[in-house]
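Visitor: One structure is given below, represented as structure tokens, and several questions about it will come after.
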Amino acid sequence: MAKILVVDDEEHIRLLYSEELSEAGYEVITAADGYKLTERIDKEKPDLIILDIKMIDYNGLDLLQEIRNKFYDMPVILCTAYDTFKEDIKSIAADFYVIKSFDLTELKNKIAMALEAEIPSS
Amino acid sequence: MFEREVNPEKIKKAEFVVAIPSYNEADSIAFPVHQADKGIQSFFGNMKSVIINCDNNSSDGTKEIFLGIRTSTPKIYLSTEPGIKGKGNNFRNLFKKIVDLDAHGVVVVDADLKSIMPNWIKHLGEPLFQDFGYVTPLYVRHKYDGTITNSIAYPMIRSLYGRRVRQPIGGDFGFCGELAQIYLQSDTWSDAVANFGIDIWMTTIAVNENIPICQAFMGRPKIHRAKDPGSDLGQMFRQVVGTIFNMMIKFYPFWSSVKWSKPTAIFGFGLGETEMPPAIRVNKKTLFQKFHEGFDRYGHVWEKVLQKETHNKLREIKEMDRDRFDFPTHLWINALIDFAIAYRDKLWRFDELLDSLIPIYLSKTLSYVIKTERMSIRESEEFIEEECVQFEATKSLLIRRWDGR
């Protein structure tokens with residue numbers, strides 16, 4: 001069972017994703033902010049991270065850089081209420097992005113694609 | 001007098017190298033050399049460094065200009081044998097020198113760059129001293145600049161090898177010393193690689209070797225000597241696309257196992273406001289005309305190379321008005337698959353086969369221009385990203401066709 005870490009400062013989003021993604025067969029763990037995030041990733045070893053871009057004390061795009069530099073191939077899906085973040089070049093270090101919605105169909109599709117993505121060792 | 005190498009300071013070892021390939025760049029090489037020197041002194045001042053000009057024995061005095069530039073960093077001049085031209089041949093000399101110098105990191109910048117700044121050296125070089133082995137540039141480019149990259153090199157490298165490298169033939173990049181040895185040992189060297197095919201060849205090998213790749217944000221557009229796209233296109237197109245097709249044959253076991261794609265790390269921020277690239281005008285009439293002329297000139301090749309449905313569809317879109325011209329992405333992907341297989345199976349003489357793809361590529365470009373006319377650079381980037389996802393989604397078709405199923 002793939003383990004997904006949801007990083008979002010909105011409790012109702014964490015709850016929604018936890019319920020829906022657990023029902024879809026994933027193990028879900030959550031974080032309410034980016035505090036010591038890379039340490040948490042090291043410890044929990046998730047297979048994929050869903051990352052909110054705008055959190056009260058944290059910029060998701062900066063956290064994305066930290067994750068990408070430390071965990072080169074860790075799948076990360078950015079979640080946001082607005083698509084203006086795409087103006088920031090840092091966003092291309094994400095596997096995918098989705099606009100937040102109560103319908104998680106797109107998010108689930110992207111999760112499946114990101115988990116399926118595979119580059120063989122040479 | 002011909003000299004294969006000039007090493008005034010007798011440099012035998014270096015940790016960091018900035019290399020500038022050239023052929024007759026006497027009037028432009030001074031600027032990138034000065035910027036490279038400033039970049040080295042500002043950001044790599046604690047390392048043993050050298051600036052290398054790898055040249056094609058230029059007749060315009062490039063060597064004398066290069067060696068005469070006052071720099072704080074030592075310089076080495078390398079040349080291919082008289083009569084031997086080609087950017088790739090310059091790189092082969094460079095790879096050997098990198099191995100001799102036992103260098104850890106190498107940054108390459110073009111000799112005709114007008115927009116290079118010292119921090120380009122930092123951005124392309126610093127990741128090589130962290131965990132990365134290959135660094136490609138991320139420029140803000142005008143939506144109509146780099147159409148071979150946008151339509152062929154980027155989507156194909158991404159969908160074949162699974163790594164999203166936005167500028168795989170950017171010309172300015174960084175690589176680790178270990179890769180120089182790998183490049184020298186590769187059995188995929190060809191005449192195309194010895195010329196303009198070198199950039200895509202280097203990127204493809206780095207991806208296949210699973211070298212950690214990073215993209216460095218340059219903050220400014222790449223501005224270099226203006227070239228006439230019409231006159232340069234044929235040779236450049238043949239060498240870049242021919243190299244992609246050739247590498248597909250060699251690396252089939254790798255790319256057939258790749259599913260979807262993965263991003264890379266990004267390096268280089270805090271540059272302040274990003275400078276926008278100058279606008280590029282495209283002559284839609286010429287693109288349309290060249291596509292139509294392609295039917296007379298290469299119709300016999302297309303009939304042999306393209307699958308019947310693809311050929312029929314091409315004839316169908318030929319009837320469209322110029323202003324409403326639409327070349328569907330899936331048709332472009334099918335055409336590329338047909339051409340790659342024709343190349344592998346030697347269905348036609350290579351040069352003419354690749355030349356015959358040009359009118360189809362130009363019509364795809366026309367369609368892209370029309371579709372993105374009212375789009376911002378960011379929106380056109382999203383359009384290209386969506387096309388890439390279609391390339392990735394068609395991978396199973398490519399594998400089936402490649403396997404003859």
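FYI, nothing fancy with the structure tokens labels: chains A, B, ... in order, residues from 1 per chain, ligands from 1 as they appear.
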Within 9 Å of range 71-90 of chain B, which residues of range 159-251 of chain B come that close, and what is the closest atom pair and distance in Å for each? Count only C-alpha atoms and give it as CSV.

Guide:
```
residue,atom,partner,partner_atom,distance
B:Asp191,CA,B:Gly88,CA,8.7
B:Ala192,CA,B:Gly88,CA,8.2
B:Val193,CA,B:Gly88,CA,5.7
B:Ala194,CA,B:Gly88,CA,3.7
B:Asn195,CA,B:Gly86,CA,4.2
B:Phe196,CA,B:Lys87,CA,6.2
B:Gly197,CA,B:Gly88,CA,7.2
B:Ile198,CA,B:Gly88,CA,5.0
B:Asp199,CA,B:Gly88,CA,8.2
```

Visitor: With a distance cut-off of 6 Å and only C-alpha atoms, select the neighbouring residues of range 86-96 of chain A, excluding the residue or stretch itself and same-chain residues fewer than 6 positions from it, and output the selection as a ChimeraX atom specification.

Guide: /A:75-77 /B:263-265

Visitor: Near range 18-25 of chain A, within 10 Å and counting only C-alpha atoms, which residues show up once chain neighbours fewer than 2 positions away are dropped, as a count of residues only?

Guide: 21

Visitor: Quick one: residues within 8 Å of Phe175 in chain B, only C-alpha atoms counted, chain neighbours fewer than 4 positions away excluded, as a list in words?

Guide: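 Returned residues: Gly105, Val106, Val107, Leu128, Gly133, Tyr134, Val135, Leu179 and Ala180 of chain B.
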
Visitor: Counting only C-alpha atoms, which residues in chain A sit no more than 6 Å from chain B? For each one, give the nearest pair of atoms and the distance in Å, sorted by chain then residue number, as a Markdown table.

Guide:
```
| residue | atom | partner | partner_atom | distance |
| --- | --- | --- | --- | --- |
| A:Arg68 | CA | B:Ala265 | CA | 5.5 |
| A:Ala93 | CA | B:Pro263 | CA | 5.4 |
| A:Asp95 | CA | B:Pro263 | CA | 5.8 |
| A:Ala117 | CA | B:Trp260 | CA | 4.9 |
| A:Glu118 | CA | B:Lys259 | CA | 4.9 |
| A:Ile119 | CA | B:Val258 | CA | 4.9 |
| A:Ser122 | CA | B:Glu209 | CA | 5.5 |
```

Visitor: Would you mind writing down, as a ChimeraX atom specification, each residue of range 13-202 of chain B that DSSP on the backbone assigns to helix (DSSP H, G or I)?

Guide: /B:30-43,62-68,87-101,118-129,147-161,177-185,198-202

Visitor: Measure the distance from CA of Phe66 in chain B to CA of Met202 in chain B in Å and round it to one decimal.

Guide: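 Pair CA of Phe66 in chain B / CA of Met202 in chain B returns 25.6 Å.
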
Visitor: Looking at A:Asp47, A:Asp9, A:Asp33, A:Glu39, which one is nearest to Glu116 in chain A, with distances taken over only C-alpha atoms?

Guide: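 Smallest distance to Glu116 in chain A is found for A:Asp47.
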
Visitor: Which neighbours of Ala103 in chain B fall inside 12 Å, counting only C-alpha atoms, when residues of the same chain fewer than 2 positions from it are skipped, and could you give them as an mmCIF file with C-alpha atoms, in the first residue's frame?

Guide:
```
data_model
loop_
_atom_site.group_PDB
_atom_site.id
_atom_site.type_symbol
_atom_site.label_atom_id
_atom_site.label_comp_id
_atom_site.auth_asym_id
_atom_site.auth_seq_id
_atom_site.Cartn_x
_atom_site.Cartn_y
_atom_site.Cartn_z
ATOM 1 C CA ILE B 11 48.299 23.844 -16.086
ATOM 2 C CA LYS B 12 48.287 20.122 -15.301
ATOM 3 C CA LYS B 13 45.400 19.818 -12.816
ATOM 4 C CA ALA B 14 42.198 21.796 -12.296
ATOM 5 C CA GLU B 15 39.107 21.248 -10.179
ATOM 6 C CA PHE B 16 36.853 23.520 -12.195
ATOM 7 C CA VAL B 17 36.819 24.315 -15.907
ATOM 8 C CA VAL B 18 34.847 26.780 -17.997
ATOM 9 C CA ALA B 19 34.981 25.750 -21.640
ATOM 10 C CA MET B 47 39.401 26.272 -6.526
ATOM 11 C CA LYS B 48 42.075 25.580 -9.099
ATOM 12 C CA SER B 49 40.300 26.666 -12.251
ATOM 13 C CA VAL B 50 41.021 27.152 -15.926
ATOM 14 C CA ILE B 51 39.233 28.615 -18.957
ATOM 15 C CA LEU B 94 37.616 18.951 -24.313
ATOM 16 C CA PHE B 95 36.583 15.591 -22.811
ATOM 17 C CA LYS B 96 40.150 14.300 -23.169
ATOM 18 C CA LYS B 97 41.525 17.429 -21.532
ATOM 19 C CA ILE B 98 39.026 17.194 -18.667
ATOM 20 C CA VAL B 99 40.194 13.654 -17.984
ATOM 21 C CA ASP B 100 43.864 14.760 -18.133
ATOM 22 C CA LEU B 101 43.181 17.670 -15.765
ATOM 23 C CA GLY B 105 33.173 20.206 -12.697
ATOM 24 C CA VAL B 106 32.935 21.681 -16.195
ATOM 25 C CA VAL B 107 30.746 24.529 -17.415
ATOM 26 C CA LEU B 128 28.212 19.966 -9.772
ATOM 27 C CA PHE B 129 29.843 20.397 -6.363
ATOM 28 C CA PHE B 175 28.767 18.355 -16.381
ATOM 29 C CA CYS B 176 30.904 16.432 -13.929
ATOM 30 C CA GLY B 177 34.354 15.091 -14.753
ATOM 31 C CA GLU B 178 33.089 11.533 -14.473
ATOM 32 C CA LEU B 179 30.800 12.142 -17.460
ATOM 33 C CA ALA B 180 33.737 13.208 -19.655
ATOM 34 C CA GLN B 181 35.166 9.698 -19.260
#
```

Visitor: Using only C-alpha atoms, can you tell me which of B:Ile121, B:Val109, B:Ala26, B:Val33 comes closest to Thr62 in chain B?

Guide: B:Ala26

Visitor: Identify which of the residues A:Leu37, A:Leu115, A:Ile99, A:Ala31 lies closest to Glu66 in chain A, counting only C-alpha atoms when measuring atom-to-atom distances.

Guide: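 Of all the options, A:Leu37 lies closest to Glu66 in chain A.
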
Visitor: Do you know which residues are at most 8 Å from range 278-294 of chain B counting only C-alpha atoms, after dropping those on the same chain fewer than 6 positions away, and could you put them as a ChimeraX atom specification?

Guide: /B:142,144-145,318,322,356,359-360,362-363,365-366,369
